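Have a look at coords_19.txt; it's compact mmCIF, C-alpha atoms:
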```txt
# COMPACT_ATOMS: atom_id res chain seq x y z
CA MET A 1 90.88 91.59 121.09
CA LEU A 2 91.00 94.41 118.57
CA GLU A 3 93.82 95.40 116.27
CA VAL A 4 93.85 98.86 114.73
CA GLU A 5 95.63 99.59 111.46
CA LEU A 6 96.27 103.17 110.42
CA ASP A 7 95.72 102.88 106.67
CA ILE A 8 98.07 105.42 105.16
CA PHE A 9 101.02 103.91 103.31
CA SER A 10 101.13 102.48 99.83
CA GLY A 11 104.29 100.39 99.73
CA MET A 12 105.41 100.32 103.36
CA PRO A 13 103.53 98.39 106.07
CA ASN A 14 100.84 100.42 107.86
CA PRO A 15 101.31 101.07 111.60
CA THR A 16 99.19 98.81 113.83
CA CYS A 17 98.48 98.48 117.52
CA ILE A 18 96.39 96.36 119.88
CA LEU A 19 93.77 98.13 121.98
CA SER A 20 93.69 97.81 125.75
CA ASN A 21 90.49 96.80 127.51
CA GLU A 22 89.76 100.43 128.45
CA GLN A 23 90.35 101.57 124.88
CA GLU A 24 88.00 98.87 123.57
CA ALA A 25 85.34 100.18 125.95
CA THR A 26 85.84 103.78 124.81
CA LEU A 27 85.80 102.82 121.14
CA TYR A 28 82.57 100.90 121.63
CA GLU A 29 80.99 103.82 123.45
CA LEU A 30 81.87 106.24 120.64
CA LEU A 31 80.69 103.90 117.89
CA SER A 32 77.49 102.87 119.64
CA ARG A 33 76.53 106.56 119.93
CA GLU A 34 76.98 107.02 116.17
CA PRO A 35 77.22 103.63 114.45
CA ASN A 36 77.13 105.31 111.04
CA GLN A 37 80.82 106.09 111.53
CA ILE A 38 81.42 102.45 110.58
CA SER A 39 82.09 101.69 106.91
CA SER A 40 82.40 98.24 105.45
CA MET A 41 85.86 97.15 104.36
CA VAL A 42 84.87 97.42 100.70
CA ALA A 43 83.16 100.82 100.95
CA LEU A 44 84.67 103.47 98.72
CA GLU A 45 87.62 101.18 97.98
CA ASN A 46 87.77 102.37 94.40
CA GLN A 47 87.69 106.03 95.39
CA PHE A 48 90.70 106.09 97.68
CA GLY A 49 93.60 108.18 96.61
CA LEU A 50 97.09 107.85 97.93
CA GLY A 51 97.31 109.02 101.53
CA TYR A 52 95.23 108.59 104.66
CA ARG A 53 92.37 106.14 104.16
CA GLY A 54 91.04 105.93 107.71
CA LEU A 55 91.48 103.20 110.32
CA ILE A 56 90.86 99.51 109.90
CA ILE A 57 89.56 97.74 112.99
CA ARG A 58 89.97 93.96 113.16
CA ARG A 59 88.71 91.56 115.82
CA ILE A 60 91.73 89.28 115.76
CA LYS A 61 90.88 87.04 118.70
CA SER A 62 87.87 86.27 120.86
CA ASP A 63 88.35 86.95 124.57
CA ASP A 64 86.38 88.29 127.52
CA GLY A 65 87.40 91.92 126.92
CA ALA A 66 85.13 94.94 126.77
CA TRP A 67 84.55 94.70 123.01
CA ASP A 68 83.46 91.06 122.97
CA LYS A 69 81.22 91.62 125.98
CA ALA A 70 79.57 94.56 124.23
CA MET A 71 79.13 92.57 121.02
CA SER A 72 77.50 89.64 122.78
CA ALA A 73 75.01 92.06 124.34
CA ARG A 74 73.99 93.56 120.99
CA SER A 75 71.23 92.14 118.86
CA GLU A 76 73.23 93.21 115.78
CA PRO A 77 76.95 93.01 116.57
CA PHE A 78 79.38 95.15 114.59
CA PRO A 79 81.37 93.35 111.89
CA ASN A 80 84.66 91.67 112.73
CA ASP A 81 86.50 93.89 110.23
CA PHE A 82 85.47 97.43 109.41
CA ARG A 83 86.81 100.84 108.60
CA ILE A 84 86.22 104.19 110.37
CA GLY A 85 87.19 107.74 109.49
CA LEU A 86 85.41 107.95 106.14
CA LYS A 87 82.21 109.46 107.47
CA THR A 88 81.82 112.65 109.42
CA ALA A 89 80.71 112.28 113.05
CA LYS A 90 78.25 114.76 114.50
CA GLY A 91 79.67 114.33 117.97
CA ASP A 92 82.99 112.91 119.13
CA SER A 93 84.75 111.20 116.27
CA ALA A 94 85.89 107.65 117.01
CA ALA A 95 88.57 107.94 114.31
CA ASP A 96 90.05 111.11 115.78
CA TRP A 97 90.06 109.60 119.25
CA LEU A 98 91.64 106.41 117.99
CA VAL A 99 94.47 108.22 116.18
CA LYS A 100 95.28 110.02 119.45
CA ALA A 101 95.05 106.75 121.36
CA ALA A 102 97.38 105.04 118.89
CA LEU A 103 99.93 107.83 119.26
CA GLN A 104 99.72 107.58 123.05
CA GLN A 105 100.21 103.84 122.73
CA GLY A 106 103.55 104.36 121.06
CA ILE A 107 102.82 104.38 117.33
CA ARG A 108 105.40 106.76 115.96
CA LEU A 109 104.40 108.95 113.04
CA ALA A 110 106.45 111.65 111.40
CA ASP A 111 105.02 115.17 111.63
CA GLU A 112 104.32 115.09 107.89
CA VAL A 113 102.27 111.90 108.30
CA GLN A 114 100.32 113.40 111.21
CA GLU A 115 99.64 116.43 109.04
CA VAL A 116 98.27 114.17 106.28
CA ILE A 117 96.01 112.46 108.82
CA SER A 118 94.79 115.78 110.22
CA ARG A 119 93.53 116.69 106.74
CA GLY A 120 91.22 113.71 106.78
CA VAL A 121 90.56 110.88 104.37
CA ALA A 122 91.52 111.76 100.82
CA LEU A 123 88.93 110.46 98.43
CA ALA A 124 89.67 110.72 94.77
CA PRO A 125 86.85 112.09 92.63
CA THR A 126 84.41 109.50 91.45
CA ALA A 127 86.21 109.10 88.19
CA HIS A 128 84.93 106.99 85.34
CA GLY A 129 88.43 106.08 84.33
CA PRO A 130 92.07 106.76 85.08
CA LEU A 131 92.84 109.80 87.21
CA GLU A 132 96.07 110.90 85.62
CA PRO A 133 98.25 110.35 82.56
CA THR A 134 100.46 107.76 84.23
CA ASP A 135 97.49 105.47 84.99
CA SER A 136 96.85 102.55 82.68
CA ILE A 137 93.99 102.95 80.22
CA ASP A 138 91.54 100.26 79.16
CA LEU A 139 90.85 101.14 75.52
CA LYS A 140 87.54 99.26 75.61
CA CYS A 141 86.24 101.59 78.33
CA ILE A 142 86.88 104.93 76.68
CA GLU A 143 83.55 106.66 76.50
CA GLU A 144 82.04 108.08 73.37
CA ALA A 145 80.96 111.53 74.48
CA LYS A 146 77.79 113.11 73.10
CA VAL A 147 79.91 115.86 71.59
CA ALA A 148 82.99 114.71 69.72
CA VAL A 149 86.31 116.10 70.88
CA ASP A 150 86.90 117.72 67.51
CA VAL A 151 83.79 119.93 67.65
CA PRO A 152 85.18 122.73 69.75
CA TYR A 153 83.63 125.87 68.39
CA LYS A 154 80.76 127.92 69.58
CA PRO A 155 79.06 129.42 66.52
CA GLY A 156 80.46 132.86 65.81
CA VAL A 157 83.69 132.39 67.73
CA GLU A 158 86.81 132.88 65.67
CA LYS A 159 88.29 129.59 64.58
CA HIS A 160 91.70 128.65 65.93
CA GLU A 161 94.02 125.84 64.96
CA THR A 162 93.33 122.71 66.99
CA TRP A 163 95.93 120.97 69.11
CA TRP A 164 96.06 117.87 66.96
CA ALA A 165 96.94 119.99 63.94
CA CYS A 166 100.16 121.18 65.57
CA PRO A 167 103.27 119.13 64.82
CA SER A 168 105.14 120.19 67.95
CA ASN A 169 103.75 120.85 71.41
CA TYR A 170 105.41 121.10 74.81
CA PHE A 171 103.94 118.70 77.38
CA SER A 172 104.32 118.47 81.13
CA ALA A 173 101.83 116.59 83.31
CA ASN A 174 102.93 118.38 86.46
CA ALA A 175 99.78 118.91 88.57
CA SER A 176 101.68 117.61 91.60
CA PHE A 177 104.19 120.46 91.24
CA PHE A 178 101.37 123.01 91.49
CA ASN A 179 99.72 121.09 94.33
CA ASP A 180 102.58 121.67 96.73
CA PRO A 181 100.76 122.74 99.93
CA ALA A 182 102.95 125.85 100.16
CA HIS A 183 101.75 127.08 96.76
CA VAL A 184 98.44 125.45 95.88
CA THR A 185 96.26 128.26 97.23
CA ARG A 186 98.47 130.98 95.77
CA ASN A 187 98.22 130.24 92.05
CA ASN A 188 95.17 130.18 89.80
CA CYS A 189 94.07 128.50 86.58
CA TYR A 190 96.07 130.91 84.40
CA CYS A 191 99.29 130.15 86.31
CA PHE A 192 98.78 126.40 85.79
CA ALA A 193 97.91 126.88 82.13
CA SER A 194 101.06 128.95 81.67
CA ASN A 195 103.17 126.33 83.45
CA TYR A 196 104.44 129.12 85.69
CA MET A 197 104.13 129.32 89.48
CA PRO A 198 104.60 132.97 90.49
CA ASP A 199 102.34 132.74 93.60
CA ILE A 200 99.96 135.27 92.06
CA ARG A 201 96.53 134.17 93.25
CA TYR A 202 94.64 136.14 90.62
CA ALA A 203 96.90 136.18 87.57
CA LEU A 204 95.02 137.97 84.79
CA PRO A 205 95.53 137.53 81.05
CA GLY A 206 97.19 140.64 79.62
CA ARG A 207 98.48 142.12 82.87
CA ARG A 208 102.01 140.92 82.19
CA GLY A 209 101.83 142.16 78.61
CA GLY A 210 100.53 145.58 79.62
CA ARG A 211 96.96 145.19 78.33
CA PRO A 212 94.90 143.47 81.04
CA ALA A 213 91.64 141.88 79.93
CA THR A 214 88.96 144.54 80.15
CA SER A 215 85.88 142.36 79.93
CA ILE A 216 85.17 138.79 80.93
CA THR A 217 84.12 137.69 77.49
CA CYS A 218 85.96 135.57 74.95
CA GLY A 219 87.00 138.71 73.09
CA GLY A 220 88.12 140.63 76.18
CA VAL A 221 90.24 137.82 77.62
CA ILE A 222 91.65 136.83 74.22
CA ASP A 223 92.95 140.40 73.85
CA GLY A 224 94.76 139.93 77.14
CA LEU A 225 96.17 136.56 76.05
CA ARG A 226 97.57 138.10 72.88
CA ALA A 227 99.22 140.85 74.94
CA ASP A 228 100.86 138.10 77.03
CA GLY A 229 102.27 136.49 73.90
CA TRP A 230 99.73 133.76 73.15
CA LYS A 231 99.03 133.00 69.48
CA ASP A 232 96.03 131.48 67.69
CA GLY A 233 98.08 129.08 65.58
CA CYS A 234 100.69 126.38 66.09
CA GLU A 235 104.10 127.39 67.41
CA PRO A 236 107.25 125.28 67.68
CA ASN A 237 107.50 123.37 70.97
CA ALA A 238 104.52 125.31 72.28
CA LEU A 239 102.39 125.27 75.38
CA THR A 240 98.81 124.58 74.30
CA ILE A 241 95.90 125.95 76.33
CA VAL A 242 92.14 126.37 76.11
CA LEU A 243 90.21 129.38 77.38
CA VAL A 244 86.62 129.02 78.59
CA ILE A 245 84.43 131.75 80.00
CA TRP A 246 81.64 132.06 82.54
CA PRO A 247 80.21 135.06 80.72
CA ASN A 248 80.85 138.33 82.56
CA PHE A 249 82.05 136.61 85.69
CA ASP A 250 85.15 134.51 85.28
CA TYR A 251 87.63 132.75 83.01
CA HIS A 252 89.16 129.30 83.27
CA PHE A 253 91.97 127.51 81.45
CA TYR A 254 93.01 123.98 80.56
CA ARG A 255 96.52 122.94 79.47
CA LEU A 256 97.42 120.05 77.18
CA VAL A 257 99.77 117.94 79.27
CA THR A 258 100.55 114.89 77.11
CA GLY A 259 100.76 114.12 73.41
CA GLU A 260 99.32 111.37 71.33
CA PRO A 261 97.80 108.88 71.53
CA TYR A 262 95.81 110.12 74.53
CA TRP A 263 96.17 113.91 74.64
CA TRP A 264 95.54 114.45 78.37
CA TRP A 265 94.50 117.87 79.69
CA GLY A 266 94.91 119.36 83.17
CA HIS A 267 93.39 122.33 84.96
CA LYS A 268 93.38 124.08 88.32
CA PRO A 269 90.10 125.59 89.58
CA GLY A 270 91.13 128.72 91.48
CA GLY A 271 93.16 128.01 94.59
CA THR A 272 92.23 124.30 94.64
CA PRO A 273 94.51 121.48 93.48
CA ALA A 274 95.27 120.95 89.80
CA LYS A 275 93.78 117.77 88.35
CA TYR A 276 93.13 115.81 85.16
CA THR A 277 89.44 115.15 85.69
CA ASP A 278 86.33 117.28 85.32
CA ASP A 279 83.50 117.98 87.74
CA CYS A 280 81.59 114.91 86.55
CA GLY A 281 84.54 112.61 87.16
CA ASN A 282 85.50 112.27 83.50
CA SER A 283 89.19 111.75 82.86
CA ILE A 284 90.16 114.45 80.39
CA PHE A 285 91.81 112.51 77.59
CA GLN A 286 90.74 111.25 74.21
CA TYR A 287 91.80 108.36 72.05
CA ARG A 288 91.06 108.39 68.34
CA GLY A 289 88.23 110.85 68.71
CA LYS A 290 86.58 109.11 71.69
CA GLY A 291 86.74 110.43 75.24
CA TYR A 292 86.98 113.93 76.63
CA ALA A 293 88.68 117.23 75.92
CA PRO A 294 87.89 120.74 77.20
CA ASN A 295 85.21 121.23 74.55
CA ASN A 296 82.95 118.40 75.77
CA ILE A 297 83.62 117.99 79.50
CA CYS A 298 81.59 119.21 82.49
CA ARG A 299 82.47 122.88 82.90
CA GLY A 300 79.63 124.18 85.10
CA ASN A 301 78.93 127.82 84.37
CA TYR A 302 81.95 128.15 82.08
CA THR A 303 79.79 127.71 79.02
CA ASP A 304 81.71 129.74 76.43
CA PHE A 305 84.50 127.90 74.67
CA CYS A 306 86.92 130.49 73.29
CA GLY A 307 89.45 128.33 71.48
CA TYR A 308 93.03 127.07 71.63
CA PHE A 309 96.10 129.25 72.20
CA TYR A 310 99.80 128.58 71.83
CA GLN A 311 103.06 130.02 73.08
CA ASP A 312 106.51 128.81 72.03
CA ASN A 313 107.91 128.41 75.52
CA TRP A 314 107.97 125.70 78.16
CA THR A 315 106.62 128.36 80.49
CA ALA A 316 104.73 131.58 79.81
CA PHE A 317 105.12 134.46 82.24
CA VAL A 318 101.99 135.90 83.85
CA ALA A 319 101.20 138.64 86.33
CA MET B 1 90.75 143.23 120.83
CA PRO B 2 87.79 142.74 118.45
CA ALA B 3 88.34 140.51 115.45
CA ARG B 4 88.37 141.84 111.91
CA VAL B 5 86.59 139.31 109.73
CA GLU B 6 86.58 139.23 105.94
CA ALA B 7 84.42 136.76 104.04
CA GLU B 8 85.15 135.50 100.55
CA LEU B 9 82.67 133.66 98.35
CA ASP B 10 84.83 130.92 96.82
CA ILE B 11 83.34 130.64 93.36
CA PHE B 12 85.72 131.88 90.67
CA SER B 13 88.72 130.24 89.07
CA GLY B 14 90.64 133.09 87.48
CA MET B 15 89.00 136.29 88.71
CA PRO B 16 89.19 137.46 92.34
CA ASN B 17 86.42 136.00 94.46
CA PRO B 18 83.87 138.52 95.84
CA ARG B 19 85.08 139.60 99.28
CA TRP B 20 83.53 141.78 101.96
CA THR B 21 84.24 142.85 105.53
CA LEU B 22 81.77 141.84 108.21
CA THR B 23 80.43 144.57 110.46
CA ASP B 24 81.68 144.53 114.06
CA ALA B 25 78.44 142.91 115.18
CA GLU B 26 78.63 140.31 112.42
CA ALA B 27 82.30 139.63 113.18
CA ASP B 28 81.46 139.08 116.83
CA SER B 29 78.60 136.81 115.85
CA PHE B 30 80.82 134.80 113.50
CA VAL B 31 83.44 134.19 116.18
CA LYS B 32 80.74 133.07 118.62
CA ARG B 33 79.02 130.83 116.07
CA LEU B 34 82.34 129.21 115.20
CA ALA B 35 83.25 128.64 118.84
CA VAL B 36 80.20 126.49 119.58
CA LEU B 37 80.58 124.08 116.66
CA SER B 38 81.56 120.53 117.59
CA SER B 39 84.77 119.03 116.33
CA THR B 40 84.59 116.36 113.70
CA SER B 41 86.85 114.20 111.61
CA GLY B 42 88.54 115.75 108.61
CA ALA B 43 87.07 115.70 105.15
CA GLU B 44 88.38 116.52 101.72
CA LEU B 45 86.89 119.80 100.49
CA SER B 46 85.57 120.02 96.95
CA GLY B 47 87.76 121.55 94.26
CA ASN B 48 85.20 121.74 91.48
CA LEU B 49 84.44 124.66 89.23
CA GLY B 50 81.79 127.02 90.60
CA TYR B 51 80.55 127.44 94.19
CA ARG B 52 82.97 126.00 96.75
CA GLY B 53 81.66 127.62 99.96
CA PHE B 54 83.21 130.50 101.87
CA ILE B 55 86.75 131.36 102.88
CA VAL B 56 86.76 133.52 105.99
CA HIS B 57 89.82 135.44 107.13
CA VAL B 58 89.76 136.19 110.87
CA MET B 59 92.38 138.69 112.01
CA GLN B 60 92.84 139.41 115.68
CA GLY B 61 95.98 141.40 116.36
CA VAL B 62 98.84 139.43 114.81
CA ASN B 63 96.81 136.21 114.80
CA VAL B 64 95.27 135.17 111.50
CA GLN B 65 92.84 132.30 111.19
CA LEU B 66 91.67 130.93 107.86
CA VAL B 67 88.25 129.29 107.97
CA ARG B 68 86.86 127.35 105.01
CA VAL B 69 83.13 126.65 105.23
CA GLN B 70 81.80 124.13 102.74
CA ALA B 71 78.80 121.79 102.73
CA GLY B 72 78.62 121.08 106.46
CA VAL B 73 82.35 120.95 107.10
CA VAL B 74 84.38 123.81 108.53
CA HIS B 75 88.15 123.63 108.20
CA ILE B 76 90.02 126.01 110.50
CA THR B 77 93.70 126.71 109.85
CA LYS B 78 95.72 128.64 112.38
CA GLY B 79 99.43 128.50 111.70
CA ALA B 80 100.31 124.83 111.30
CA THR B 81 97.20 123.67 113.17
CA ASN B 82 94.23 122.22 111.30
CA VAL B 83 90.89 121.67 113.00
CA TYR B 84 87.62 120.43 111.53
CA VAL B 85 84.22 121.25 112.99
CA TYR B 86 80.74 120.24 111.94
CA ASP B 87 78.33 122.84 110.53
CA GLU B 88 75.00 121.14 111.15
CA ASN B 89 72.43 121.89 108.42
CA ARG B 90 75.00 124.27 106.94
CA GLU B 91 73.80 126.95 109.38
CA LEU B 92 77.09 128.86 109.43
CA GLU B 93 77.35 128.71 105.63
CA ARG B 94 73.79 130.04 105.22
CA TRP B 95 74.44 132.78 107.75
CA LEU B 96 77.60 133.85 105.92
CA LEU B 97 75.57 134.18 102.75
CA THR B 98 73.20 136.58 104.52
CA THR B 99 76.14 138.82 105.44
CA GLY B 100 77.04 139.03 101.76
CA ARG B 101 73.61 139.86 100.37
CA THR B 102 74.34 143.54 99.91
CA HIS B 103 77.77 142.79 98.41
CA LEU B 104 76.92 140.09 95.88
CA LYS B 105 75.33 140.32 92.47
CA ASN B 106 71.89 138.75 92.20
CA GLU B 107 73.07 136.14 89.73
CA LEU B 108 75.72 134.91 92.16
CA LEU B 109 73.26 134.92 95.05
CA GLN B 110 70.87 132.79 93.04
CA ILE B 111 73.61 130.31 92.15
CA VAL B 112 74.57 129.90 95.79
CA GLU B 113 70.97 129.71 97.00
CA ARG B 114 70.35 126.85 94.56
CA GLU B 115 73.13 124.96 96.34
CA PHE B 116 71.08 125.00 99.54
CA LEU B 117 67.89 123.57 98.04
```

Entire entry expressed as structure tokens:
Amino acid sequence: MLEVELDIFSGMPNPTCILSNEQEATLYELLSREPNQISSMVALENQFGLGYRGLIIRRIKSDDGAWDKAMSARSEPFPNDFRIGLKTAKGDSAADWLVKAALQQGIRLADEVQEVISRGVALAPTAHGPLEPTDSIDLKCIEEAKVAVDVPYKPGVEKHETWWACPSNYFSANASFFNDPAHVTRNNCYCFASNYMPDIRYALPGRRGGRPATSITCGGVIDGLRADGWKDGCEPNALTIVLVIWPNFDYHFYRLVTGEPYWWWGHKPGGTPAKYTDDCGNSIFQYRGKGYAPNNICRGNYTDFCGYFYQDNWTAFVA
Amino acid sequence: MPARVEAELDIFSGMPNPRWTLTDAEADSFVKRLAVLSSTSGAELSGNLGYRGFIVHVMQGVNVQLVRVQAGVVHITKGATNVYVYDENRELERWLLTTGRTHLKNELLQIVEREFL
């Protein structure tokens, strides 16, 4: 006899159901066609985010049903407990079928929950540490990056005041606000950096201030930032951002979202969700000079570090 | 009514992504290629900096379909409906790149081609 648990909730009990004999037969048929849909119970455990984490299948009792008969005929029976839904199926997905079967069997799920399930298993990036500022931090595990967090300047780039030199910054670790499904694809990195959600997919430094950036270089985009009101030095209660450039192609921003002792940074790559980790899975925070900040994280093609910028507002308008 | 299909190379963070309109023959081919892909379970698409696949806008009359093609997974959004299909060997993704060859700078083409190695 098989029990299926829809692994989705964090505090509340997950929905479960018992499979009928026919359903056991169908599940076995789908899994025997593509056994690689099966993941062990411990697989990826540390990478799960909040949300849908697939289905847990448990053999809760031995009987003479279709599943037990199939297992006794196999030279290598499937485990008694396993998870499905983490791996993509080439053909018919057992997880998709099972979710439908569970709904038909009377499991009641709110539309919002069904929508979460339809988006698939949400794996967090393979982070080396905490994923966001509210997570607990093990001080012994903070990495010493090859480049110290206080070495931000590319030779020849004008020197700006650094965030730790400013006595007053405005902080808001609000990636979740920008990740609202209704808005996440409609705001870019500059909107997140400016702590402003105007639903302008391609907000451009300087457009609001009447002097849009004319070249995708540090100098060109910095001119635009200045037109939008950003300064090179500390401001009272200021937003603090970093500009990086993929020379001649694109710009990207990071925003300082918490103060000392950890100084977390967040960013939003294009129309994708805002986050506090980089492309290598580093959590973007530093503690007493160890750890990561925009100057020493994985930035892909965004090789040019253009400095820190400040604006004395809790939000900066962009267009 | 024939579909109007616009492809977008999802690669930039701040600047507009390169975008081009498929020819009628290409649009027809895209719709047919998409129709034969098998459904699969959902998967989280990457949100890293740099190349993130293609975003394809399919407009047919008042119907608009948004298709995200990334690393073997195709996510189709039509209104409130989400469907995932499997792009075996990233065939659809590679084909989309060929439709953009005349629209994309060499440096971008090279970056994307490296993703397929």

Could you list, as a tab-separated table (two decimals) with C-alpha atoms, keeping the file's coordinate frame, every residue within 12 Å of Arg68 in chain B, counting all atoms listed in the file and ignoring same-chain residues fewer than 2 positions away?
```tsv
chain	number	residue	atom	x	y	z
B	6	GLU	CA	86.58	139.23	105.94
B	7	ALA	CA	84.42	136.76	104.04
B	8	GLU	CA	85.15	135.50	100.55
B	9	LEU	CA	82.67	133.66	98.35
B	10	ASP	CA	84.83	130.92	96.82
B	34	LEU	CA	82.34	129.21	115.20
B	43	ALA	CA	87.07	115.70	105.15
B	44	GLU	CA	88.38	116.52	101.72
B	45	LEU	CA	86.89	119.80	100.49
B	46	SER	CA	85.57	120.02	96.95
B	52	ARG	CA	82.97	126.00	96.75
B	53	GLY	CA	81.66	127.62	99.96
B	54	PHE	CA	83.21	130.50	101.87
B	55	ILE	CA	86.75	131.36	102.88
B	56	VAL	CA	86.76	133.52	105.99
B	57	HIS	CA	89.82	135.44	107.13
B	58	VAL	CA	89.76	136.19	110.87
B	65	GLN	CA	92.84	132.30	111.19
B	66	LEU	CA	91.67	130.93	107.86
B	70	GLN	CA	81.80	124.13	102.74
B	71	ALA	CA	78.80	121.79	102.73
B	72	GLY	CA	78.62	121.08	106.46
B	73	VAL	CA	82.35	120.95	107.10
B	74	VAL	CA	84.38	123.81	108.53
B	75	HIS	CA	88.15	123.63	108.20
B	76	ILE	CA	90.02	126.01	110.50
B	77	THR	CA	93.70	126.71	109.85
B	78	LYS	CA	95.72	128.64	112.38
B	82	ASN	CA	94.23	122.22	111.30
B	83	VAL	CA	90.89	121.67	113.00
B	84	TYR	CA	87.62	120.43	111.53
B	85	VAL	CA	84.22	121.25	112.99
B	86	TYR	CA	80.74	120.24	111.94
B	87	ASP	CA	78.33	122.84	110.53
B	92	LEU	CA	77.09	128.86	109.43
B	93	GLU	CA	77.35	128.71	105.63
B	96	LEU	CA	77.60	133.85	105.92
```

- request: Check every residue of chain A for an atom within 10 Å of chain B, counting all atoms listed in the file, and provide those that qualify as an MDAnalysis selection string.
  value: chainID A and resid 85:97 115 117:125 187:191 201:205 216 245:246 249:253 268:275 277:280 298:302

task: Please indicate the distance in Å from CA of Arg207 in chain A to CA of Trp264 in chain A, rounded to one decimal place.
output: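 Here the two named atoms are 28.2 Å from each other.
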
task: Mind giving me the straight-line distance from CA of Leu30 in chain A to CA of Gln104 in chain A in Å, one decimal?
output: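 Distance between the two atoms: 18.1 Å.
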
- prompt: What residues have an atom no more than 12 Å from (104.8, 113.9, 88.8) in the file's own frame, counting only C-alpha atoms, and can you write them as number ranges by chain?
  reply: A: 132-135, 172-180, 257, 274-275

Just to be explicit: take each residue in the selection above, keep C-alpha atoms, and write the result as a PDB file, keeping the file's coordinate frame.
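Below is the file that was written, result.pdb:
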```pdb
ATOM      1  CA  GLU A 132      96.070 110.900  85.620  1.00  0.00           C
ATOM      2  CA  PRO A 133      98.250 110.350  82.560  1.00  0.00           C
ATOM      3  CA  THR A 134     100.460 107.760  84.230  1.00  0.00           C
ATOM      4  CA  ASP A 135      97.490 105.470  84.990  1.00  0.00           C
ATOM      5  CA  SER A 172     104.320 118.470  81.130  1.00  0.00           C
ATOM      6  CA  ALA A 173     101.830 116.590  83.310  1.00  0.00           C
ATOM      7  CA  ASN A 174     102.930 118.380  86.460  1.00  0.00           C
ATOM      8  CA  ALA A 175      99.780 118.910  88.570  1.00  0.00           C
ATOM      9  CA  SER A 176     101.680 117.610  91.600  1.00  0.00           C
ATOM     10  CA  PHE A 177     104.190 120.460  91.240  1.00  0.00           C
ATOM     11  CA  PHE A 178     101.370 123.010  91.490  1.00  0.00           C
ATOM     12  CA  ASN A 179      99.720 121.090  94.330  1.00  0.00           C
ATOM     13  CA  ASP A 180     102.580 121.670  96.730  1.00  0.00           C
ATOM     14  CA  VAL A 257      99.770 117.940  79.270  1.00  0.00           C
ATOM     15  CA  ALA A 274      95.270 120.950  89.800  1.00  0.00           C
ATOM     16  CA  LYS A 275      93.780 117.770  88.350  1.00  0.00           C
TER      17      LYS A 275
END
```

Given all atoms listed in the file as the counted atoms, nearest of A:Ile60, A:Ala66, A:Ile84, A:Ala73 to Glu22 in chain A: A:Ala66

query: When distances are computed from all atoms listed in the file, which of A:Pro261, A:Gly210, A:Pro167, A:Gly220 shows the smallest separation from Glu235 in chain A?
result: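 For Glu235 in chain A, the nearest of the candidates is A:Pro167.
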
query: Quick one, how far is CA of Met1 in chain B from CA of Thr98 in chain B?
result: 24.9 Å

- request: Find the residues with any atom within 12 Å of (69.5, 123.0, 99.0); use all atoms listed in the file and the coordinates as given in the file, and write the answer as a list in words.
  value: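 All residues meeting the 12 Å criterion around (69.5, 123.0, 99.0) are Ala71, Gly72, Asn89, Arg90, Glu91, Glu93, Arg94, Gln110, Ile111, Val112, Glu113, Arg114, Glu115, Phe116 and Leu117 of chain B.
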
query: With only C-alpha atoms as the atoms that count, which of A:Leu243, A:Glu5, A:Pro15, A:Met71 lies nearest to Gly54 in chain A?
result: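 Of A:Leu243, A:Glu5, A:Pro15, A:Met71, the one nearest Gly54 in chain A is A:Glu5, counting only C-alpha atoms.
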
- request: Pick out the residues sitting within 10 Å of Gly206 in chain A, and hand them over as a list of chain:residue names; count all atoms listed in the file, and ignore anything fewer than 3 positions along from it in its own chain.
  value: A:Ala203, A:Gly209, A:Gly210, A:Arg211, A:Pro212, A:Ala213, A:Thr214, A:Gly220, A:Val221, A:Ile222, A:Asp223, A:Gly224, A:Leu225, A:Arg226, A:Ala227, A:Asp228, A:Gly229, A:Trp230, A:Val318, A:Ala319

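Using all atoms listed in the file for every distance, the candidate list A:Ser136, A:Thr16, A:Asn21, A:Thr315 yields A:Thr315 as the residue closest to Asn237 in chain A.
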
Range 174-192 of chain A, all listed atoms, 6 Å padding on each side: what axis-aligned box centre and edge lengths in Å to one decimal come out, as JSON?
```
{"center_x": 99.1, "center_y": 124.3, "center_z": 92.3, "size_x": 22.1, "size_y": 25.4, "size_z": 27.8}
```

query: Residues at most 12 Å from Thr102 in chain B, counting all atoms listed in the file, excluding those fewer than 3 positions away in the same chain, as a ChimeraX atom specification?
result: /B:18-22,96-99,105-106,108-109

Please rebuild range 57-62 of chain B with N, CA and C atoms and return the result as a PDB file, in the frame of the given file.
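Resulting contents of rebuild.pdb:
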```pdb
ATOM      1  N   HIS B  57      88.534 135.040 106.563  1.00  0.00           N
ATOM      2  CA  HIS B  57      89.820 135.440 107.130  1.00  0.00           C
ATOM      3  C   HIS B  57      89.536 136.162 108.448  1.00  0.00           C
ATOM      4  N   VAL B  58      90.002 135.590 109.551  1.00  0.00           N
ATOM      5  CA  VAL B  58      89.760 136.190 110.870  1.00  0.00           C
ATOM      6  C   VAL B  58      91.084 136.749 111.384  1.00  0.00           C
ATOM      7  N   MET B  59      91.136 138.058 111.562  1.00  0.00           N
ATOM      8  CA  MET B  59      92.380 138.690 112.010  1.00  0.00           C
ATOM      9  C   MET B  59      92.155 139.325 113.379  1.00  0.00           C
ATOM     10  N   GLN B  60      92.961 138.883 114.320  1.00  0.00           N
ATOM     11  CA  GLN B  60      92.840 139.410 115.680  1.00  0.00           C
ATOM     12  C   GLN B  60      94.249 139.748 116.149  1.00  0.00           C
ATOM     13  N   GLY B  61      94.593 141.024 116.090  1.00  0.00           N
ATOM     14  CA  GLY B  61      95.980 141.400 116.360  1.00  0.00           C
ATOM     15  C   GLY B  61      96.885 140.775 115.312  1.00  0.00           C
ATOM     16  N   VAL B  62      97.927 140.059 115.766  1.00  0.00           N
ATOM     17  CA  VAL B  62      98.840 139.430 114.810  1.00  0.00           C
ATOM     18  C   VAL B  62      98.368 138.018 114.432  1.00  0.00           C
TER      19      VAL B  62
END
```
